[in-house]
Amino acid sequence: MSSPMLSQILTASRLTDGRVVYFTETGQWSEQILEALFVAGPEAETTLLAQGRQGVAFRQVVDPYLIEVVRAGKDDPLPVRLRERIRAFGPTVYPPPRALIAKDARHVPV
Amino acid sequence: MYRYDVHDRALVAGRVDEFRGQVRRRLQGELNEDQFRPLRLMNGVYLQLHSYMLRVAIPYGVLASHQLRLLATIAHRYDRGLGHFTTRQNLQFNWIGLEDVPDVLGHLARVDMHAIQTSGNCIRNITTDPFAGVAKDEVEDPRITAELLRQWSTFHPEFLYLPRKFKVAVTGAREDRAAVRWHDIGLRLVRDAAGTIGYEVIAGGGQGRTPVIGATLRSFLPKADLLPYIEAIMRLYNRFGRRDNKYKARIKILLQDVGIEAFARMVEEEWPRVRRPDPHLIAAETARLVEDFALPYRPRKDSPVDTTERDLAFWRWVAANVAPHQSADRAIVTLPLKSIDQGPGDITAEKMETVADLADRYSHAEMRISHHQNIVLPHVRWTELPRLWETLERLGLAEPIAGLAPDIVACPGMDYCALATARSIGIAQDISKRLAALAPPEHIGALRLNISGCINACGHHHAGHIGILGVDKRGEEFYQITIGGSDDYDATLGTLIGPAVPAARVADAIESLVLAYLAHRQGTERFLETYRRLGITPFKEAFHAVDQE
Ligand code: SF4
């Protein structure tokens with residue numbers, strides 16, 4: 001079994017709704033950390049950060065930064081820091097009911 | 001309840017329109033994040049861990065049932081069906097989209113609500129006693145003062161860019177339920193020797209990384225002098241407060257640098273120079289407010305005698321959650337928002353709707369939010385308490401814990417907050433479970449547990465009888481525990497009991513402190529009294545025994 005590998009991925013908050021997003025291999029921003037593009041080494045990190053700045057310029061995201069992740073098992077990335085794990089997978093307490101995610105409840109009259 | 005007039009409505013509507021334009025310009029790229037951040041903060045919008053967070057003001061904690069219903073609808077439609085009541089009597093939505101904020105603010109404006117002065121370096125939402133206007137131990141209803149200050153401070157052009165945020169609390173009762181000594185300015189309505197009502201003015205209190213207990217600036221200020229006197233304090237703070245270092249910018253640091261007596265002299269010199277508001281205008285507005293805040297029924301001196309046999313569970317609930325009222329036939333009922341499976345202060349949209357119905361039925365459609373993150377029904381008839389209790393039991397809102405150990409105060413911590421260094425909610429849940437297994441809450445008695453997820457101290461840990469502060473130690477969550485804090489008039493700052501403990505040991509540590517108290521208490525002595533009598537030593541010993549395990 002190979003030992004876990006440390007890599008960097010690029011994360012940010014989406015401008016329109018503040019949701020946590022990750023920069024993907026196809027150059028998009030995705031809510032799924034599984035789709036994040038992994039890099040290692042200073043040069044690749046610099047390139048990835050430049051993508052983040054471009055995301056800001058294109059008004060896609062706010063506050064992009066790199067985070068460290070461990071790739072274990074079937075390569076599923078796990079952020080090293082607890083804060084980033086909470087951003088990736090949600091609060092650790094009483095997960096808010098998925099059925100009530102904002103966009104699904106737009107029929108509720110105000 | 002206070003009703004908005006045409007000026008209030010125009011002001012709030014104007015602000016919604018203005019922010020709608022600012023959001024549009026941000027989304028279209030005319031404003032960048034650096035330009036937009038201060039604008040969104042002026043409208044209560046933060047960027048948090050999972051989304052934008054909108055903080056809605058509940059001025060002096062007074063909330064009508066139709067307003068809570070609207071908050072429920074917003075929670076359903078724009079959030080994830082959840083709201084969080086804060087230690088400053090506000091409500092936070094944690095999953096709001098920026099593009100939705102103008103619409104949400106528009107809906108709020110329709111029920112006279114807004115997010116003005118809930119963030120930024122301005123005079124923040126003014127807080128007060130959740131029992132205001134109905135408390136039996138009250139000198140005067142503090143909401144009248146709080147509302148006058150709200151009108152005076154809202155968009156006051158001189159005080160929109162203060163060195164830092166500025167928090168004011170007002171109380172009018174003998175018991176301090178507003179933590180006035182922990183505020184930048186605390187006002188306490190008192191009587192002088194002749195029986196005239198005025199204010200004790202307290203200044204320079206605050207929590208955060210430099211906790212300071214406010215000192216009395218003036219022991220008696222005539223009511224007519226309130227606005228010019230407060231304006232003088234604000235002017236001096238605006239002029240001399242530090243702007244070079246955000247950690248030294250609060251008024252408490254200025255007061256420490258200058259000294260409270262010297263600062264009091266500066267205020268005495270300054271305030272005669274402040275233009276006094278037209279006394280007729282203030283008198284007329286005060287009269288209007290007195291009328292608006294008057295009880296919606298005639299207070300009675302006699303209470304009905306109820307000889308019906310009732311469950312012990314009912315009386316446990318009455319003893320903990322029901323407080324005496326100015327009118328002998330009424331009671332003040334606290335609904336603790338501290339269920340073990342939710343975070344302190346959290347409430348689902350469904351529960352908001354149900355509580356709004358209960359307020360309609362039992363409390364003249366009125367509620368209060370307490371800085372201990374609970375909801376209060378201020379006008380319940382004694383004769384209706386049994387029926388209300390039965391309903392609350394079914395809803396899980398009748399836990400007999402108000403003011404007792406499981407009535408834990410906690411900030412959202414790292415589960416939501418971008419500034420957090422550790423989690424708070426899970427720690428609160430661990431402690432609740434542990435204490436529930438230890439003894440019934442009334443056996444442990446009055447005990448305030450406060451938890452903050454970082455040094456900013458939104459969970460008021462410095463003022464907790466037991467305070468818990470989450471810190472980061474090389475990437476691990478650790479918790480510092482303090483003991484002996486208080487937010488009463490005789491406020492004290494908690495003392496650190498020992499080295500920080502890892503998350504998994506916090507419940508053990510708290511249990512050891514509670515057991516030490518139970519072993520040493522005399523008679524009906526409360527936790528804080530035992531601590532003050534014995535000092536820290538027996539608690540330290542109990543804590544160290546756990547720390548060494
Ligand atoms: S105390 Fe810290 S973690 Fe808690 S809400 Fe305040 S800033 Fe966030």
# chains A, B, ... in the order shown; residues from 1 in each chain; ligands from 1
call {"tool": "residues_around", "arguments": {"residues": "B:Pro272", "least_positions_apart": "2", "cutoff": "10 Å", "atoms": "only C-alpha atoms", "output": "list in words"}}
result
Asp225, Pro228, Tyr229, Ala232, Val267, Glu268, Glu269, Glu270, Val274, Arg275 and Arg276 of chain B
call {"tool": "residues_around", "arguments": {"residues": "stretch 132-138 of chain B", "least_positions_apart": "5", "cutoff": "7 Å", "atoms": "only C-alpha atoms", "output": "VMD selection string"}}
result
chain B and resid 143 172 to 174 324 to 326 378
call {"tool": "residues_near_ligand", "arguments": {"ligand": "ligand 1", "cutoff": "9 Å", "atoms": "only C-alpha atoms and all ligand atoms", "output": "VMD selection string"}}
result
chain B and resid 86 208 410 to 424 451 to 461 469 to 470
call {"tool": "residues_around", "arguments": {"residues": "B:Leu39", "least_positions_apart": "2", "cutoff": "12 Å", "atoms": "only C-alpha atoms", "output": "list in words"}}
result
Arg15, Glu18, Phe19, Arg20, Gly21, Gln22, Val23, Arg25, Arg26, Leu31, Asn32, Glu33, Asp34, Gln35, Phe36, Arg37, Leu41, Met42, Asn43, Gly44, Val45, Tyr46, Ile116, Gln117, Ser119, Gly120, Asn121 and Leu160 of chain B
call {"tool": "closest_residue", "arguments": {"among": "B:Pro299, B:Gly195, B:Gly186, B:Gly343", "to": "chain A", "atoms": "only C-alpha atoms"}}
result
B:Gly343
